[in-house]
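Below is model.pdb, which holds PDB, C-alpha atoms.
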ATOM      1  CA  PRO E 984      42.019   6.806 -13.639
ATOM      2  CA  SER E 985      39.116   9.123 -12.840
ATOM      3  CA  LEU E 986      38.049  11.924 -15.150
ATOM      4  CA  SER E 987      38.909  14.496 -12.481
ATOM      5  CA  SER E 988      42.542  13.368 -12.592
ATOM      6  CA  ASP E 989      42.632  13.573 -16.391
ATOM      7  CA  PRO E 990      44.410  16.799 -17.359
ATOM      8  CA  GLY E 991      42.151  17.016 -20.417
ATOM      9  CA  HIS E 992      39.017  17.000 -18.283
ATOM     10  CA  HIS E 993      37.700  20.211 -16.750
ATOM     11  CA  GLU E 994      34.849  19.925 -14.219
ATOM     12  CA  THR E 995      32.388  22.766 -14.592
ATOM     13  CA  PRO E 996      30.711  24.374 -11.533
ATOM     14  CA  ALA E 997      27.358  22.890 -12.650
ATOM     15  CA  SER E 998      28.709  19.344 -12.925
ATOM     16  CA  ARG E 999      30.516  19.712  -9.587
ATOM     17  CA  GLU E1000      27.209  20.701  -7.927
ATOM     18  CA  ARG E1001      25.400  17.720  -9.512
ATOM     19  CA  ASN E1002      28.067  15.348  -8.201
ATOM     20  CA  LYS E1003      27.720  16.806  -4.709
ATOM     21  CA  ARG E1004      23.959  16.294  -4.738
ATOM     22  CA  LYS E1005      24.343  12.761  -6.088
ATOM     23  CA  ALA E1006      26.737  11.855  -3.280
ATOM     24  CA  LYS E1007      24.169  13.011  -0.732
ATOM     25  CA  GLU E1008      21.280  10.995  -2.156
ATOM     26  CA  PRO E1009      19.998   8.373   0.336
ATOM     27  CA  ARG E1010      20.562   4.723  -0.363
ATOM     28  CA  THR E1011      17.771   2.184  -0.296
ATOM     29  CA  GLY E1012      17.508   0.065   2.822
ATOM     30  CA  THR E1013      15.720   0.160   6.137
ATOM     31  CA  SER E1014      13.332   2.858   7.334
ATOM     32  CA  ASP E1015      12.929   3.660  11.030
ATOM     33  CA  GLY E1016      14.619   0.363  11.850
ATOM     34  CA  VAL E1017      11.961  -1.647  10.001
ATOM     35  CA  HIS E1018      13.112  -3.649   7.007
ATOM     36  CA  VAL E1019      10.787  -3.444   4.042
ATOM     37  CA  SER E1020      11.019  -6.246   1.529
ATOM     38  CA  GLU E1021      11.650  -5.358  -2.104
ATOM     39  CA  ASP E1022       8.230  -6.741  -2.998
ATOM     40  CA  ASP E1023       6.384  -4.543  -0.484
ATOM     41  CA  ALA E1024       8.467  -1.390  -0.866
ATOM     42  CA  ALA E1025       7.369  -0.305  -4.322
ATOM     43  CA  PRO E1026       8.834   2.999  -5.572
ATOM     44  CA  VAL E1027       6.690   5.974  -4.631
ATOM     45  CA  PRO E1028       6.072   8.411  -7.503
ATOM     46  CA  GLU E1029       6.644  12.081  -6.808
ATOM     47  CA  ARG E1030       3.438  13.996  -6.195
ATOM     48  CA  THR E1031       2.798  17.669  -5.716
ATOM     49  CA  SER E1032       0.052  19.391  -3.793
ATOM     50  CA  GLY E1033      -1.559  20.362  -7.075
ATOM     51  CA  ASN E1034      -2.424  16.783  -8.048
ATOM     52  CA  LEU E1035      -3.572  15.478  -4.661
ATOM     53  CA  ASP E1036      -7.286  14.849  -4.325
ATOM     54  CA  PRO E1037      -8.797  17.631  -2.152
ATOM     55  CA  ALA E1038     -10.624  15.045  -0.033
ATOM     56  CA  ASP E1039      -7.406  13.166   0.672
ATOM     57  CA  ASN E1040      -5.247  14.534   3.481
ATOM     58  CA  ALA E1041      -2.362  12.163   2.746
ATOM     59  CA  THR E1042       1.079  13.724   2.557
ATOM     60  CA  ALA E1043       2.774  13.946  -0.824
ATOM     61  CA  ASP E1044       5.757  11.844   0.324
ATOM     62  CA  ALA E1045       3.644   9.014   1.775
ATOM     63  CA  PRO E1046       4.783   5.460   0.947
ATOM     64  CA  ALA E1047       2.758   3.146  -1.252
ATOM     65  CA  PRO E1048      -0.131   1.628   0.778
ATOM     66  CA  ARG E1049       1.319  -1.895   0.740
ATOM     67  CA  ALA E1050       4.627  -0.686   2.179
ATOM     68  CA  GLU E1051       2.781   1.458   4.710
ATOM     69  CA  LEU E1052       0.611  -1.477   5.768
ATOM     70  CA  TYR E1053       3.709  -3.642   6.185
ATOM     71  CA  ARG E1054       5.202  -1.070   8.586
ATOM     72  CA  TYR E1055       1.895  -0.689  10.426
ATOM     73  CA  TYR E1056       1.707  -4.409  11.253
ATOM     74  CA  VAL E1057       5.316  -4.504  12.462
ATOM     75  CA  LYS E1058       5.371  -1.271  14.456
ATOM     76  CA  ALA E1059       1.767  -0.906  15.660
ATOM     77  CA  ARG E1060       0.478  -4.483  15.798
ATOM     78  CA  GLY E1061       3.609  -6.342  16.885
ATOM     79  CA  LEU E1062       3.881  -8.653  13.900
ATOM     80  CA  SER E1063       7.336 -10.134  13.480
ATOM     81  CA  VAL E1064       9.282  -9.168  10.371
ATOM     82  CA  SER E1065       9.216 -12.757   9.136
ATOM     83  CA  LEU E1066       5.421 -12.852   9.364
ATOM     84  CA  ALA E1067       5.046  -9.356   7.922
ATOM     85  CA  GLN E1068       6.994 -10.470   4.873
ATOM     86  CA  LYS E1069       4.181 -12.973   4.255
ATOM     87  CA  LEU E1070       1.545 -10.252   4.027
ATOM     88  CA  LYS E1071       1.701 -10.617   0.256
ATOM     89  CA  ASP E1072      -0.084 -13.944   0.709
ATOM     90  CA  ARG E1073      -3.029 -12.138   2.355
ATOM     91  CA  TYR E1074      -4.042 -10.431  -0.892
ATOM     92  CA  ALA E1075      -6.580 -12.284  -3.035
ATOM     93  CA  THR E1076      -6.637 -10.747  -6.508
ATOM     94  CA  TRP E1077      -8.689 -11.622  -9.558
ATOM     95  CA  THR E1078      -9.786 -10.206 -12.907
ATOM     96  CA  ASP E1079     -13.099  -9.591 -14.624
ATOM     97  CA  ASP E1080     -14.143 -11.688 -17.597
ATOM     98  CA  ALA E1081     -12.579  -9.422 -20.219
ATOM     99  CA  LYS E1082      -9.854 -10.534 -22.620
ATOM    100  CA  SER E1083      -6.344 -10.546 -21.197
ATOM    101  CA  HIS E1084      -5.298  -7.209 -22.727
ATOM    102  CA  GLU E1085      -8.520  -5.578 -21.478
ATOM    103  CA  ALA E1086      -8.703  -7.299 -18.102
ATOM    104  CA  LYS E1087      -9.370  -5.278 -14.962
ATOM    105  CA  PHE E1088      -8.260  -6.301 -11.462
ATOM    106  CA  THR E1089      -9.773  -6.136  -7.996
ATOM    107  CA  CYS E1090      -8.457  -7.371  -4.658
ATOM    108  CA  VAL E1091      -9.403  -8.267  -1.089
ATOM    109  CA  PHE E1092      -6.870  -8.036   1.741
ATOM    110  CA  THR E1093      -7.398 -10.274   4.785
ATOM    111  CA  CYS E1094      -6.034  -9.156   8.146
ATOM    112  CA  PRO E1095      -3.719 -11.907   9.468
ATOM    113  CA  LEU E1096      -4.660 -11.130  13.093
ATOM    114  CA  THR E1097      -8.469 -10.893  12.937
ATOM    115  CA  GLY E1098      -9.472 -12.399   9.592
ATOM    116  CA  GLU E1099     -11.347  -9.229   8.614
ATOM    117  CA  HIS E1100     -11.541  -8.666   4.864
ATOM    118  CA  PHE E1101     -10.906  -5.325   3.171
ATOM    119  CA  ALA E1102     -11.920  -4.844  -0.456
ATOM    120  CA  CYS E1103     -10.340  -2.257  -2.735
ATOM    121  CA  GLY E1104     -11.121   1.334  -1.906
ATOM    122  CA  SER E1105     -11.329   4.168  -4.417
ATOM    123  CA  TRP E1106      -7.616   4.936  -4.310
ATOM    124  CA  SER E1107      -5.429   6.762  -6.804
ATOM    125  CA  ASN E1108      -2.051   8.372  -7.273
ATOM    126  CA  ASP E1109      -0.192   9.677 -10.316
ATOM    127  CA  ASP E1110       0.106   6.180 -11.803
ATOM    128  CA  ALA E1111      -3.068   4.513 -10.545
ATOM    129  CA  GLU E1112      -6.771   5.200 -10.668
ATOM    130  CA  VAL E1113     -10.068   3.352 -10.658
ATOM    131  CA  VAL E1114     -10.858   2.282 -14.206
ATOM    132  CA  ASP E1115     -14.348   0.937 -13.509
ATOM    133  CA  VAL E1116     -16.910   0.651 -10.722
ATOM    134  CA  GLY E1117     -19.263  -2.300 -10.983
ATOM    135  CA  GLU E1118     -22.966  -2.167 -10.185
ATOM    136  CA  ASP E1119     -22.098  -4.135  -7.047
ATOM    137  CA  GLY E1120     -19.707  -1.383  -5.916
ATOM    138  CA  ILE E1121     -16.492  -3.250  -6.769
ATOM    139  CA  PHE E1122     -13.564  -1.008  -7.696
ATOM    140  CA  TRP E1123     -11.503  -2.282 -10.633
ATOM    141  CA  TYR E1124      -7.938  -1.311 -11.573
ATOM    142  CA  LYS E1125      -5.779  -1.754 -14.646
ATOM    143  CA  ASN E1126      -3.276  -4.116 -13.020
ATOM    144  CA  LYS E1127      -2.730  -6.378 -10.021
ATOM    145  CA  LYS E1128      -0.280  -4.071  -8.249
ATOM    146  CA  GLN E1129      -2.727  -1.163  -8.234
ATOM    147  CA  ALA E1130      -5.569  -3.364  -6.968
ATOM    148  CA  MET E1131      -3.416  -4.661  -4.097
ATOM    149  CA  ASN E1132      -2.436  -1.123  -3.112
ATOM    150  CA  ALA E1133      -6.103  -0.083  -3.199
ATOM    151  CA  ALA E1134      -7.048  -2.912  -0.809
ATOM    152  CA  ALA E1135      -4.159  -1.989   1.499
ATOM    153  CA  ALA E1136      -5.268   1.658   1.411
ATOM    154  CA  LYS E1137      -8.780   0.711   2.520
ATOM    155  CA  ALA E1138      -7.420  -1.378   5.420
ATOM    156  CA  LEU E1139      -5.162   1.497   6.507
ATOM    157  CA  ASP E1140      -8.049   3.994   6.376
ATOM    158  CA  CYS E1141     -10.150   1.778   8.624
ATOM    159  CA  PHE E1142      -7.288   1.143  11.061
ATOM    160  CA  SER E1143      -6.557   4.878  11.217
ATOM    161  CA  LEU E1144     -10.208   5.693  11.955
ATOM    162  CA  ARG E1145     -10.448   3.038  14.658
ATOM    163  CA  ASP E1146      -7.156   4.005  16.287
ATOM    164  CA  CYS E1147      -8.314   7.590  16.851
ATOM    165  CA  HIS E1148     -12.040   7.002  17.445
ATOM    166  CA  GLY E1149     -13.180   8.118  20.884
ATOM    167  CA  LYS E1150      -9.780   9.521  21.832
ATOM    168  CA  GLU E1151     -10.010  13.163  22.849
ATOM    169  CA  HIS E1152      -6.501  14.226  21.834
ATOM    170  CA  ALA E1153      -5.938  11.785  18.985
ATOM    171  CA  PRO E1154      -4.906  13.221  15.608
ATOM    172  CA  PRO E1155      -7.561  13.097  12.880
ATOM    173  CA  ALA E1156      -7.881   9.870  10.949
ATOM    174  CA  ARG E1157      -5.916   9.874   7.726
ATOM    175  CA  ARG E1158      -7.755   9.265   4.464
ATOM    176  CA  ARG E1159      -6.172   7.548   1.472
ATOM    177  CA  CYS E1160      -9.353   6.501  -0.353
ATOM    178  CA  ARG E1161     -12.186   8.673  -1.602
ATOM    179  CA  ASP E1162     -14.811   6.323  -0.163
ATOM    180  CA  ALA E1163     -15.357   6.421   3.588
ATOM    181  CA  ALA E1164     -13.676   4.187   6.151
ATOM    182  CA  TYR E1165     -15.744   2.277   8.719
ATOM    183  CA  LEU E1166     -15.425   1.452  12.408
ATOM    184  CA  SER E1167     -16.295  -2.235  12.345
ATOM    185  CA  GLU E1168     -16.613  -5.172  10.005
ATOM    186  CA  GLU E1169     -20.394  -5.008  10.456
ATOM    187  CA  ASP E1170     -20.367  -1.521   8.908
ATOM    188  CA  ALA E1171     -18.360  -2.597   5.885
ATOM    189  CA  PRO E1172     -19.879  -2.786   2.408
ATOM    190  CA  ALA E1173     -20.398  -6.254   0.990
ATOM    191  CA  ILE E1174     -17.110  -8.002   0.224
ATOM    192  CA  PRO E1175     -16.784  -9.173  -3.394
ATOM    193  CA  ILE E1176     -17.168 -12.914  -3.843
ATOM    194  CA  PRO E1177     -14.027 -14.345  -5.462
ATOM    195  CA  PRO E1178     -14.425 -16.541  -8.532
ATOM    196  CA  ASP E1179     -13.855 -20.286  -8.373
ATOM    197  CA  GLY E1180     -10.231 -21.091  -7.625
ATOM    198  CA  ILE E1181      -9.609 -17.936  -5.573
ATOM    199  CA  ASP E1182      -9.840 -18.410  -1.809
ATOM    200  CA  LEU E1183      -9.635 -15.789   0.919
ATOM    201  CA  PRO E1184      -7.137 -16.712   3.676
ATOM    202  CA  THR E1185      -8.638 -18.338   6.777
ATOM    203  CA  ILE E1186      -5.552 -18.912   8.956
ATOM    204  CA  LEU E1187      -4.842 -16.353  11.666
ATOM    205  CA  VAL E1188      -1.468 -15.626  13.284
ATOM    206  CA  ARG E1189      -0.427 -14.284  16.660
ATOM    207  CA  PRO E1190       1.960 -11.323  16.926
ATOM    208  CA  GLU E1191       4.530 -13.524  18.658
ATOM    209  CA  GLY E1192       4.496 -15.879  15.680
ATOM    210  CA  ASP E1193       2.159 -18.692  16.753
ATOM    211  CA  SER E1194      -0.477 -19.738  14.232
ATOM    212  CA  SER E1195      -4.031 -20.810  14.890
ATOM    213  CA  SER E1196      -7.066 -21.612  12.805
ATOM    214  CA  SER E1197      -9.811 -19.037  12.331
ATOM    215  CA  GLU E1198     -12.382 -21.574  13.402
TER     216      GLU E1198
END
Would you mind writing the structure in this file as structure tokens?
Amino acid sequence: PSLSSDPGHHETPASRERNKRKAKEPRTGTSDGVHVSEDDAAPVPERTSGNLDPADNATADAPAPRAELYRYYVKARGLSVSLAQKLKDRYATWTDDAKSHEAKFTCVFTCPLTGEHFACGSWSNDDAEVVDVGEDGIFWYKNKKQAMNAAAAKALDCFSLRDCHGKEHAPPARRRCRDAAYLSEEDAPAIPIPPDGIDLPTILVRPEGDSSSSE
């Protein structure tokens, strides 16, 4: 039997209000009709306007960059859900030469449609921040998940800039990284060279699901 039916249990007004709020909390699932895999839909920490970087015009309730990039490819680029769920294979991540407990991570995301590479940007939230910047301009993070989100954030910044560039009534490009986005691959900074054993993807896909080689 429930506690509410127990004659020895008395529900206070405060507990009744908490139960009402709990019943109204949204359940996890789809968003805008687009299914986000558990791997790509990482929990988004709460952020307030006081701890947002002044140069970043992202909204406080924005999804993690990897989840946002997943939705972008499905909704804006026509990638099928089955192919979008393979975006995790487009992230090449590696560590520096430090010992395992001191290792830092960087990442390069490869667009499945064009083959363009996007290295980590200078991205941060309440749980993530750049822990080192190499002399070659590589941004390093404390774990693999943060590095992958930083690479996704850089790709999203560039896509946002390109989508609104030259359009008179387009909304301003959204910034997620402190370093600037760029309009073309030719304008991009040098992409980090992966160590031996780490290969950047070379196979391209078509939005309708057909695959073709990048050559």
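Taking atom CA of E:Lys1087 as the reference point, atom CA of E:Asn1126 is found at 6.5 Å.
The space between atom CA of E:Tyr1124 and atom CA of E:Leu1070 spans 20.3 Å.
Using only C-alpha atoms, the nearest neighbour of E:Arg1049 within the list E:Lys1082, E:Lys1137, E:His1100, E:Arg1145 is E:Lys1137.
Take the candidates E:Ile1121, E:Ala1130, E:Ala1067, E:Cys1094 and check each one against E:Ile1174 using all atoms listed in the file; the shortest distance goes to E:Ile1121.
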Closest of E:Pro1178, E:Gly1149, E:Pro1172, E:Pro1048 to E:Thr1089 - atom-to-atom distances counting only C-alpha atoms = E:Pro1178
Proximity to E:Gly1098 - best of E:Ile1176, E:Ile1186, E:Ala1171, E:Ala1164, all atoms listed in the file |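 Smallest distance to E:Gly1098 is found for E:Ile1186.
The result of the PyMOL selection byres ((chain E and resi 1096) around 10) on the shown file is Tyr1056, Arg1060, Leu1062, Thr1093, Cys1094, Pro1095, Thr1097, Gly1098, Glu1099, Ile1186, Leu1187, Val1188, Arg1189, Pro1190, Ser1194, Ser1195 and Ser1197 of chain E.
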Between E:Val1064, E:Leu1052, E:Ala1133, E:Ile1181, which has the minimum distance to E:Asp1162 (counting all atoms listed in the file)?
->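 Among E:Val1064, E:Leu1052, E:Ala1133, E:Ile1181, it is E:Ala1133 that comes nearest to E:Asp1162.
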Taking the point (-10.1, -8.3, -1.2) as given in the file, collect each protein or nucleic acid residue that comes within 8 Å of it, counting all atoms listed in the file, and present the set as a PyMOL selection string.
-> chain E and resi 1074-1076+1089-1093+1100-1103+1134+1174-1175+1183
For atom CA of E:Leu1144 and atom CA of E:Asp1182, quote the distance in Å rounded to one decimal.
->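 One can read the atom CA of E:Leu1144 to atom CA of E:Asp1182 distance as 27.8 Å.
Checking E:Pro1184, E:Lys1125, E:Ala1173, E:Val1114 one by one against E:Ser1083, counting all atoms listed in the file, you find the shortest gap at E:Lys1125.
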Fewer than 6 positions away in the same chain doesn't count, so skip those; otherwise give me all residues within 9 Å of E:Pro1155, counting only C-alpha atoms, as a PyMOL selection string.
-> chain E and resi 1143-1144+1147-1148
Listed atoms of stretch 1143-1161 of chain E boxed axis-aligned with 5 Å per side, centre + edges as JSON:
{"center_x": -9.0, "center_y": 8.6, "center_z": 10.6, "size_x": 18.3, "size_y": 21.2, "size_z": 34.5}
